[in-house]
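Below is entry-v7.cif, holding mmCIF, C-alpha atoms.
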data_coords
loop_
_atom_site.label_atom_id
_atom_site.label_comp_id
_atom_site.auth_asym_id
_atom_site.auth_seq_id
_atom_site.Cartn_x
_atom_site.Cartn_y
_atom_site.Cartn_z
CA MET A 1 -91.80 -70.39 40.80
CA LYS A 2 -89.82 -69.57 37.72
CA ILE A 3 -89.09 -66.36 35.84
CA ILE A 4 -90.58 -66.29 32.33
CA GLY A 5 -90.11 -62.64 31.36
CA THR A 6 -87.94 -59.61 32.16
CA GLY A 7 -88.07 -55.90 31.38
CA SER A 8 -86.39 -52.65 32.34
CA ALA A 9 -86.54 -48.92 31.70
CA ARG A 10 -84.19 -46.07 32.51
CA PRO A 11 -84.28 -42.28 32.15
CA SER A 12 -82.73 -40.68 29.08
CA MET A 13 -80.41 -38.30 30.95
CA ARG A 14 -76.86 -39.58 31.46
CA VAL A 15 -75.12 -37.82 34.34
CA THR A 16 -71.38 -38.42 34.18
CA ASN A 17 -68.96 -37.93 37.04
CA SER A 18 -67.46 -34.94 35.26
CA MET A 19 -70.89 -33.28 35.22
CA LEU A 20 -70.99 -33.53 39.01
CA GLU A 21 -67.75 -31.56 39.22
CA ASN A 22 -69.77 -28.47 38.22
CA PHE A 23 -71.44 -28.28 41.62
CA LEU A 24 -69.65 -30.77 43.90
CA ASP A 25 -66.13 -30.88 45.33
CA THR A 26 -65.35 -34.18 43.61
CA ASN A 27 -63.87 -35.64 40.45
CA ASP A 28 -64.13 -38.73 38.27
CA GLU A 29 -61.12 -40.48 39.80
CA TRP A 30 -62.39 -39.95 43.36
CA ILE A 31 -65.82 -41.40 42.52
CA VAL A 32 -64.62 -44.33 40.40
CA THR A 33 -61.97 -45.38 42.93
CA ARG A 34 -64.46 -45.48 45.78
CA THR A 35 -67.58 -46.76 44.02
CA GLY A 36 -66.86 -48.06 40.52
CA ILE A 37 -69.50 -45.70 39.12
CA HIS A 38 -68.72 -43.69 35.95
CA GLU A 39 -72.21 -42.37 35.24
CA ARG A 40 -75.84 -42.81 36.19
CA ARG A 41 -79.29 -42.22 34.65
CA VAL A 42 -81.36 -39.55 36.38
CA ILE A 43 -84.99 -38.56 35.86
CA SER A 44 -85.37 -35.17 34.16
CA ASN A 45 -88.64 -35.00 32.24
CA GLU A 46 -89.85 -38.57 32.79
CA ASN A 47 -92.43 -39.79 35.30
CA LEU A 48 -91.51 -42.84 37.37
CA GLU A 49 -94.91 -44.43 36.82
CA ASP A 50 -94.37 -44.31 33.04
CA MET A 51 -90.96 -45.97 33.38
CA ALA A 52 -92.51 -48.62 35.61
CA ALA A 53 -95.26 -49.34 33.08
CA ASP A 54 -92.68 -49.52 30.28
CA ALA A 55 -90.61 -52.09 32.19
CA ALA A 56 -93.78 -54.05 33.03
CA ASN A 57 -94.96 -54.12 29.40
CA LYS A 58 -91.54 -55.32 28.24
CA ALA A 59 -91.61 -58.12 30.82
CA LEU A 60 -95.11 -59.16 29.74
CA ALA A 61 -94.09 -59.20 26.07
CA ASP A 62 -90.97 -61.21 26.92
CA ALA A 63 -93.12 -63.71 28.83
CA GLY A 64 -95.56 -63.97 25.94
CA ILE A 65 -98.61 -63.02 28.00
CA THR A 66 -101.00 -60.08 28.08
CA SER A 67 -101.92 -57.87 31.01
CA ASP A 68 -105.31 -59.59 31.45
CA GLN A 69 -103.41 -62.79 32.26
CA VAL A 70 -101.68 -61.22 35.27
CA ASP A 71 -103.17 -62.46 38.55
CA PHE A 72 -101.30 -60.16 40.93
CA ILE A 73 -98.90 -57.22 40.83
CA ILE A 74 -96.23 -56.65 43.49
CA CYS A 75 -94.63 -53.22 43.30
CA SER A 76 -91.42 -52.40 45.16
CA ASN A 77 -90.90 -48.67 45.66
CA VAL A 78 -89.35 -46.46 48.32
CA VAL A 79 -90.71 -43.08 47.27
CA ASN A 80 -92.46 -41.39 44.36
CA GLU A 81 -94.58 -38.30 43.80
CA PHE A 82 -97.77 -40.11 44.81
CA VAL A 83 -98.31 -40.56 48.53
CA THR A 84 -101.48 -42.40 47.60
CA PRO A 85 -102.60 -44.42 45.72
CA GLY A 86 -99.77 -46.94 45.74
CA LEU A 87 -97.60 -47.07 42.65
CA GLY A 88 -98.84 -50.59 41.95
CA CYS A 89 -102.36 -49.27 41.42
CA ILE A 90 -101.11 -46.74 38.90
CA ILE A 91 -99.07 -49.36 37.06
CA GLN A 92 -102.12 -51.63 36.92
CA GLY A 93 -104.11 -48.95 35.10
CA LYS A 94 -101.31 -48.00 32.74
CA ILE A 95 -100.78 -51.57 31.50
CA GLY A 96 -104.49 -52.40 31.39
CA ALA A 97 -104.49 -55.09 34.08
CA THR A 98 -107.43 -55.76 36.42
CA CYS A 99 -105.76 -57.84 39.14
CA PRO A 100 -105.08 -56.87 42.78
CA THR A 101 -101.86 -55.02 43.61
CA VAL A 102 -99.70 -54.50 46.66
CA ASP A 103 -96.82 -52.10 47.30
CA ILE A 104 -93.83 -52.91 49.49
CA ASN A 105 -91.00 -50.74 50.79
CA CYS A 106 -88.00 -52.90 51.67
CA ALA A 107 -85.51 -50.44 50.16
CA CYS A 108 -82.84 -52.03 47.96
CA THR A 109 -83.83 -55.57 49.03
CA GLY A 110 -87.37 -55.14 47.66
CA PHE A 111 -86.94 -57.50 44.71
CA LEU A 112 -85.94 -60.41 46.97
CA TYR A 113 -88.89 -59.74 49.29
CA ALA A 114 -91.20 -59.59 46.27
CA LEU A 115 -89.88 -62.93 44.99
CA ASP A 116 -90.63 -64.54 48.34
CA ILE A 117 -94.16 -63.12 48.39
CA ALA A 118 -94.74 -64.30 44.81
CA GLU A 119 -93.51 -67.80 45.67
CA SER A 120 -95.90 -67.96 48.62
CA PHE A 121 -98.87 -66.76 46.56
CA LEU A 122 -98.20 -69.25 43.76
CA ILE A 123 -98.17 -72.06 46.32
CA THR A 124 -101.19 -71.02 48.39
CA LYS A 125 -103.47 -69.16 45.97
CA ASP A 126 -105.12 -69.90 42.64
CA MET A 127 -102.63 -67.84 40.63
CA ASN A 128 -100.55 -68.51 37.54
CA ASN A 129 -98.79 -65.26 36.62
CA ILE A 130 -97.44 -62.63 39.01
CA LEU A 131 -95.86 -59.39 37.83
CA ILE A 132 -93.12 -57.89 39.99
CA VAL A 133 -92.21 -54.27 39.25
CA CYS A 134 -89.40 -52.48 41.09
CA ALA A 135 -89.48 -48.76 40.29
CA GLU A 136 -87.19 -46.32 42.06
CA GLU A 137 -86.10 -42.68 41.83
CA PRO A 138 -83.49 -42.27 44.58
CA SER A 139 -82.18 -39.16 42.82
CA ARG A 140 -85.24 -37.39 44.27
CA MET A 141 -84.23 -38.45 47.79
CA MET A 142 -80.72 -37.03 47.75
CA ASP A 143 -79.23 -33.82 49.03
CA TRP A 144 -77.27 -32.95 45.90
CA ARG A 145 -74.82 -30.92 47.99
CA ASP A 146 -73.70 -34.08 49.82
CA ARG A 147 -70.98 -35.70 47.72
CA SER A 148 -70.85 -38.78 49.96
CA SER A 149 -74.34 -39.93 48.95
CA CYS A 150 -75.67 -38.25 45.81
CA ILE A 151 -72.88 -39.67 43.62
CA LEU A 152 -74.07 -43.22 44.30
CA PHE A 153 -77.60 -43.33 42.96
CA GLY A 154 -79.52 -43.49 39.71
CA ASP A 155 -83.15 -44.02 38.70
CA ALA A 156 -84.60 -47.09 36.99
CA ALA A 157 -87.41 -49.62 36.78
CA GLY A 158 -87.05 -53.38 36.48
CA ALA A 159 -89.74 -56.01 36.14
CA VAL A 160 -90.16 -59.78 35.95
CA VAL A 161 -93.07 -62.12 35.35
CA VAL A 162 -93.05 -65.29 37.45
CA THR A 163 -95.25 -68.35 37.14
CA LYS A 164 -95.51 -71.79 38.71
CA GLY A 165 -92.29 -73.78 38.53
CA ASP A 166 -89.45 -75.29 40.49
CA ASP A 167 -86.59 -72.84 39.92
CA LEU A 168 -86.39 -71.18 43.35
CA LYS A 169 -84.11 -73.50 45.31
CA ALA A 170 -83.62 -71.41 48.47
CA ILE A 171 -84.40 -67.93 49.77
CA ARG A 172 -83.57 -66.07 52.97
CA LEU A 173 -84.83 -62.69 54.16
CA SER A 174 -83.70 -60.81 57.25
CA THR A 175 -84.16 -57.46 58.94
CA HIS A 176 -81.97 -55.85 61.58
CA CYS A 177 -83.25 -52.56 63.00
CA LYS A 178 -80.35 -50.22 62.22
CA VAL A 179 -82.21 -47.07 61.27
CA GLU A 180 -79.26 -44.80 61.96
CA ALA A 181 -77.15 -46.45 59.24
CA LEU A 182 -79.31 -45.25 56.34
CA TYR A 183 -82.52 -43.25 56.51
CA GLN A 184 -84.50 -40.26 55.31
CA LYS A 185 -87.17 -38.33 57.17
CA ARG A 186 -89.48 -35.74 55.65
CA ARG A 187 -91.77 -33.10 57.08
CA LEU A 188 -95.46 -33.93 56.74
CA GLN A 189 -98.34 -31.49 56.40
CA PRO A 190 -98.80 -29.32 59.50
CA THR A 191 -101.85 -29.50 61.75
CA PRO A 192 -103.22 -26.94 64.24
CA PHE A 193 -102.26 -29.38 67.02
CA LEU A 194 -98.66 -30.17 66.10
CA ASN A 195 -96.16 -29.10 68.75
CA LYS A 196 -93.05 -31.13 67.92
CA GLU A 197 -90.03 -30.51 65.72
CA GLU A 198 -89.82 -32.50 62.49
CA ASP A 199 -86.82 -33.29 60.30
CA ASP A 200 -86.70 -32.66 56.58
CA GLY A 201 -83.91 -33.26 54.10
CA GLY A 202 -82.07 -35.77 51.99
CA VAL A 203 -80.86 -39.27 52.71
CA ILE A 204 -78.57 -39.65 55.73
CA MET A 205 -76.04 -42.44 55.29
CA ASN A 206 -73.21 -43.70 57.43
CA GLY A 207 -71.05 -45.15 54.68
CA GLN A 208 -68.74 -47.22 56.88
CA GLU A 209 -71.64 -48.71 58.83
CA VAL A 210 -73.54 -49.54 55.62
CA PHE A 211 -70.45 -51.22 54.18
CA LYS A 212 -69.97 -53.39 57.28
CA LEU A 213 -73.65 -54.33 57.50
CA ALA A 214 -73.89 -55.03 53.78
CA VAL A 215 -70.90 -57.33 53.63
CA SER A 216 -71.51 -59.22 56.89
CA SER A 217 -75.24 -59.68 56.26
CA SER A 218 -74.80 -60.69 52.62
CA ILE A 219 -72.15 -63.25 53.52
CA LYS A 220 -74.45 -64.80 56.14
CA ASP A 221 -77.38 -64.86 53.71
CA ILE A 222 -75.27 -66.43 50.96
CA ASP A 223 -73.94 -69.10 53.30
CA THR A 224 -77.49 -69.93 54.41
CA VAL A 225 -79.09 -70.22 50.96
CA LEU A 226 -76.19 -72.30 49.64
CA SER A 227 -76.60 -74.66 52.59
CA VAL A 228 -80.39 -74.91 52.16
CA ALA A 229 -79.98 -75.57 48.43
CA GLY A 230 -77.34 -78.23 49.13
CA MET A 231 -74.81 -76.40 46.99
CA THR A 232 -71.35 -74.86 47.25
CA ALA A 233 -70.14 -71.52 45.96
CA ASP A 234 -68.54 -73.33 43.01
CA ASP A 235 -71.96 -74.62 41.91
CA ILE A 236 -73.20 -71.10 41.18
CA ASP A 237 -72.78 -69.91 37.59
CA LEU A 238 -73.49 -66.23 38.19
CA TYR A 239 -73.73 -64.05 41.29
CA VAL A 240 -76.32 -61.36 40.51
CA LEU A 241 -75.74 -58.92 43.34
CA HIS A 242 -77.30 -55.60 44.24
CA GLN A 243 -75.38 -52.95 42.32
CA ALA A 244 -74.48 -50.55 45.12
CA ASN A 245 -70.71 -50.28 45.24
CA VAL A 246 -67.95 -52.22 43.50
CA ARG A 247 -66.03 -52.49 46.78
CA ILE A 248 -68.93 -54.35 48.41
CA ILE A 249 -69.24 -56.68 45.42
CA GLU A 250 -65.50 -57.37 45.56
CA ALA A 251 -65.62 -58.08 49.30
CA ILE A 252 -68.38 -60.64 48.74
CA ARG A 253 -66.53 -62.14 45.77
CA HIS A 254 -63.40 -62.66 47.83
CA PHE A 255 -65.44 -64.37 50.54
CA VAL A 256 -66.93 -66.94 48.14
CA LYS A 257 -63.55 -67.26 46.35
CA GLN A 258 -64.97 -67.07 42.83
CA ASP A 259 -63.71 -65.58 39.57
CA LYS A 260 -64.62 -62.04 38.65
CA GLU A 261 -66.37 -63.29 35.50
CA LYS A 262 -69.11 -64.76 37.70
CA PHE A 263 -70.06 -61.30 38.99
CA PRO A 264 -71.80 -59.25 36.28
CA VAL A 265 -71.74 -55.50 36.92
CA ASN A 266 -73.66 -52.59 35.40
CA LEU A 267 -73.35 -50.06 38.24
CA ASP A 268 -70.57 -48.35 36.27
CA LYS A 269 -73.27 -47.11 33.85
CA TYR A 270 -76.32 -46.86 36.10
CA GLY A 271 -75.25 -46.47 39.74
CA ASN A 272 -77.32 -47.79 42.62
CA THR A 273 -80.96 -48.02 41.49
CA SER A 274 -82.28 -49.46 44.77
CA SER A 275 -84.69 -52.40 44.36
CA ALA A 276 -84.69 -52.00 40.55
CA SER A 277 -81.01 -52.97 40.54
CA ILE A 278 -81.27 -56.78 40.34
CA PRO A 279 -84.31 -57.14 38.02
CA ALA A 280 -82.87 -54.53 35.63
CA LEU A 281 -79.52 -56.35 35.65
CA LEU A 282 -81.30 -59.66 34.97
CA ASP A 283 -83.02 -58.01 32.01
CA ASP A 284 -79.71 -56.68 30.67
CA LEU A 285 -78.14 -60.13 30.99
CA SER A 286 -81.12 -61.91 29.43
CA ARG A 287 -81.42 -59.56 26.45
CA GLY A 288 -77.66 -59.65 26.01
CA ASN A 289 -77.77 -63.48 25.74
CA MET A 290 -75.54 -63.77 28.79
CA LEU A 291 -77.83 -66.19 30.65
CA LYS A 292 -78.05 -69.83 29.67
CA ARG A 293 -80.94 -72.14 30.38
CA GLY A 294 -80.22 -74.31 33.41
CA GLU A 295 -77.64 -71.98 34.94
CA MET A 296 -77.73 -71.47 38.70
CA LEU A 297 -77.91 -67.86 39.87
CA LEU A 298 -77.37 -66.49 43.35
CA LEU A 299 -79.15 -63.20 44.04
CA SER A 300 -78.20 -61.05 47.03
CA ALA A 301 -79.23 -57.58 48.16
CA PHE A 302 -79.18 -55.26 51.16
CA GLY A 303 -80.89 -51.99 51.99
CA ALA A 304 -82.10 -49.54 54.58
CA GLY A 305 -83.80 -51.00 57.57
CA PHE A 306 -81.41 -52.80 57.64
CA THR A 307 -82.96 -55.36 55.25
CA THR A 308 -81.10 -58.16 53.47
CA GLY A 309 -81.96 -61.12 51.32
CA ALA A 310 -80.49 -63.84 49.12
CA ALA A 311 -81.84 -66.54 46.85
CA VAL A 312 -80.61 -69.43 44.73
CA LEU A 313 -82.50 -69.56 41.45
CA ARG A 314 -82.23 -71.75 38.38
CA TRP A 315 -82.58 -69.87 35.11
CA SER A 316 -84.93 -71.67 32.74
CA LYS A 317 -86.33 -68.90 30.53
#
How does this structure look as structure tokens?
Amino acid sequence: MKIIGTGSARPSMRVTNSMLENFLDTNDEWIVTRTGIHERRVISNENLEDMAADAANKALADAGITSDQVDFIICSNVVNEFVTPGLGCIIQGKIGATCPTVDINCACTGFLYALDIAESFLITKDMNNILIVCAEEPSRMMDWRDRSSCILFGDAAGAVVVTKGDDLKAIRLSTHCKVEALYQKRRLQPTPFLNKEEDDGGVIMNGQEVFKLAVSSSIKDIDTVLSVAGMTADDIDLYVLHQANVRIIEAIRHFVKQDKEKFPVNLDKYGNTSSASIPALLDDLSRGNMLKRGEMLLLSAFGAGFTTGAAVLRWSK
């Protein structure tokens, strides 16, 4: 496969660290030192499905195709206001497509999982264009009284169009069942027969455990995809990593022994936007003329589950 179009959309509301001081025992220096985040975009009056459709339409326009030329839509989403139908179905209608859709929930690693599915479909099915849309609103999952977690996240949508090609050089996905590291449970509708206690609340995150899992898993994934692609860390032009925490990015950078310039970052402005993180960053880089045709990119992400993934991709758009 190869990527032929990118798009992204973010809410209009900018929530700075100083704004959080109004209701949290925190400050800008504390947040920036520990995360690298200065502000984030948070949904106020927008609907996630509209942001997702906006990102999708931008990706289609960038690819130079119309919605009736899309053969399949893969939507990565953790949670939204619709329990059913899947967000992919709603996006399909909003952009005027008629193709099948599927939704996946692989948390922050969703874009990598979607790329792997798209690659498989392009090889095994009669398809030419697949639209991947990652749309996330983690701000609606947080307990905004918990300064350890709510400061980290922002909302966004990112999309790419992929078609047949030879740009994906290696990809690795993995899952390690570590539910206790990062999870959220919610109370469902009651029934006359229910006789058990149910949890309800915001995201529960063990920050130290997530850090260890993220770094160790990402390093293993990166080693594997470089080996499969027959490349070294020096052969990679840009490392497009999940934008979760600057400390995690720095730990990975030190492992591969590469210059800081190879690690583009936008989490300072947008925070952790879950699976939308990498496709939205790719869109920022592409529209900012920071990607050159023929460059080799290494993508890497990690998320609740614990899910991880990495890929080596040539940029040929």
Which residues of range 258-308 of chain A sit at most 10 Å from range 49-57 of chain A, using all atoms listed in the file? Give each one's shortest atom pair and distance in Å (one decimal place), in chain and ascending residue order, as JSON lines.
{"residue": "A:Ala276", "atom": "CA", "partner": "A:Ala52", "partner_atom": "CA", "distance": 9.8}
{"residue": "A:Pro279", "atom": "CA", "partner": "A:Ala55", "partner_atom": "CA", "distance": 10.0}
{"residue": "A:Ala280", "atom": "CA", "partner": "A:Ala55", "partner_atom": "CA", "distance": 8.8}
{"residue": "A:Asp283", "atom": "CA", "partner": "A:Ala55", "partner_atom": "CA", "distance": 9.6}
Margin query: Taking the file as I've supplied it (selection: the PyMOL selection byres ((chain A and resi 73-80) around 7)), which residues are included? Please answer as a PyMOL selection string.
Written below: chain A and resi 72+81-82+87-88+100-105+107+110-111+114+130-137+275
Notebook entry, point to check: Could you state the separation of CA of Tyr270 in chain A and CA of Ser12 in chain A in Å, given to one decimal place?
Noted result: 11.3 Å
Check: Which residue out of A:Thr35, A:Ser44, A:Thr273, A:Thr26 has the minimum interatomic distance to Glu250 in chain A when all atoms listed in the file are used?
Finding: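 Of A:Thr35, A:Ser44, A:Thr273, A:Thr26, the one nearest Glu250 in chain A, counting all atoms listed in the file, is A:Thr35.
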Item checked: Pick from A:Cys108, A:Ile171, A:Ala233, A:Leu194, whichever lies nearest to Phe302 in chain A using only C-alpha atoms -> A:Cys108
Notebook entry, point to check: If you apply the PyMOL selection byres ((chain A and resi 3) around 9) to this file, what residues do you get, as a ChimeraX atom specification?
Noted result: /A:1-2,4-6,63,160-165,167,315-317
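Picked by the PyMOL selection byres ((chain A and resi 139-155) around 7) from the coordinates shown: A:Arg10, A:Pro11, A:Leu24, A:Arg40, A:Arg41, A:Val42, A:Ile43, A:Glu136, A:Glu137, A:Pro138, A:Ala156, A:Gly201, A:Gly202, A:Val203, A:Tyr270, A:Gly271, A:Asn272, A:Thr273.
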Grab all the atoms of range 83-90 of chain A that the file lists, wrap them in a box along x, y and z, add 3 Å per side, and give me centre plus edge lengths in Å (one decimal) as lines of an AutoDock Vina configuration file.
center_x = -100.1
center_y = -45.6
center_z = 43.7
size_x = 11.0
size_y = 16.0
size_z = 15.6
Notebook entry, point to check: Any idea what's packed within 10 Å of Ala304 in chain A, counting all atoms listed in the file, ignoring anything in its chain fewer than 3 positions away? Could you give it as a list in words?
Noted result: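 Contacts, with the query itself left out: Asn105, Cys106, Ala107, Cys108, Thr109, Thr175, His176, Cys177, Lys178, Val179, Glu180, Ala181, Leu182, Tyr183, Gln184, Met205, Val210, Ala214, Ser274, Thr307 and Thr308 of chain A.
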Check: What separation in Å, quoted to one decimal, exists between CA of Ile248 in chain A and CA of Ala157 in chain A?
Finding: 22.3 Å
Next item on the list: Please measure the separation of CA of Leu297 in chain A and CA of Gln208 in chain A, giving the value in Å to one decimal.
Entry: 28.3 Å
Item checked: Shell around Ile236 in chain A at 8 Å using all atoms listed in the file, local window under 4 positions removed, as a ChimeraX atom specification -> /A:232,295-298
Next item on the list: List the neighbours of Val265 in chain A out to 9 Å using only C-alpha atoms; skip same-chain residues closer than 3 positions along the sequence, and give me the result as JSON, numbers by chain.
Entry: {"A": [240, 241, 243, 246, 249, 268, 281]}
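Closest approach to Gly158 in chain A among A:Met19, A:Ile90, A:Ile278, A:Ile117: A:Ile278, based on all atoms listed in the file.
Closest approach to Gly230 in chain A among A:Met290, A:Leu282, A:Ala251, A:Val312: A:Val312, based on only C-alpha atoms.
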Next item on the list: Can you work out which one of A:Leu267, A:Ile204, A:Ile222, A:Ala311 has the shortest atom-to-atom distance to Phe255 in chain A, counting all atoms listed in the file?
Entry: A:Ile222
Long-range neighbours of His254 in chain A as a PDB file with C-alpha atoms, in the frame of the given file, 12 Å cut-off, all atoms listed in the file, 5 positions minimum in chain:
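Written file, out.pdb:
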ATOM      1  CA  VAL A 215     -70.900 -57.330  53.630  1.00  0.00           C
ATOM      2  CA  ILE A 219     -72.150 -63.250  53.520  1.00  0.00           C
ATOM      3  CA  ALA A 233     -70.140 -71.520  45.960  1.00  0.00           C
ATOM      4  CA  ARG A 247     -66.030 -52.490  46.780  1.00  0.00           C
ATOM      5  CA  ILE A 248     -68.930 -54.350  48.410  1.00  0.00           C
ATOM      6  CA  ILE A 249     -69.240 -56.680  45.420  1.00  0.00           C
ATOM      7  CA  ASP A 259     -63.710 -65.580  39.570  1.00  0.00           C
ATOM      8  CA  LYS A 260     -64.620 -62.040  38.650  1.00  0.00           C
ATOM      9  CA  LYS A 262     -69.110 -64.760  37.700  1.00  0.00           C
ATOM     10  CA  PHE A 263     -70.060 -61.300  38.990  1.00  0.00           C
TER      11      PHE A 263
END
Notebook entry, point to check: Taking only C-alpha atoms into account, which of A:Ser174, A:Lys169, A:Glu39, A:Arg293 comes nearest Ser227 in chain A?
Noted result: A:Lys169
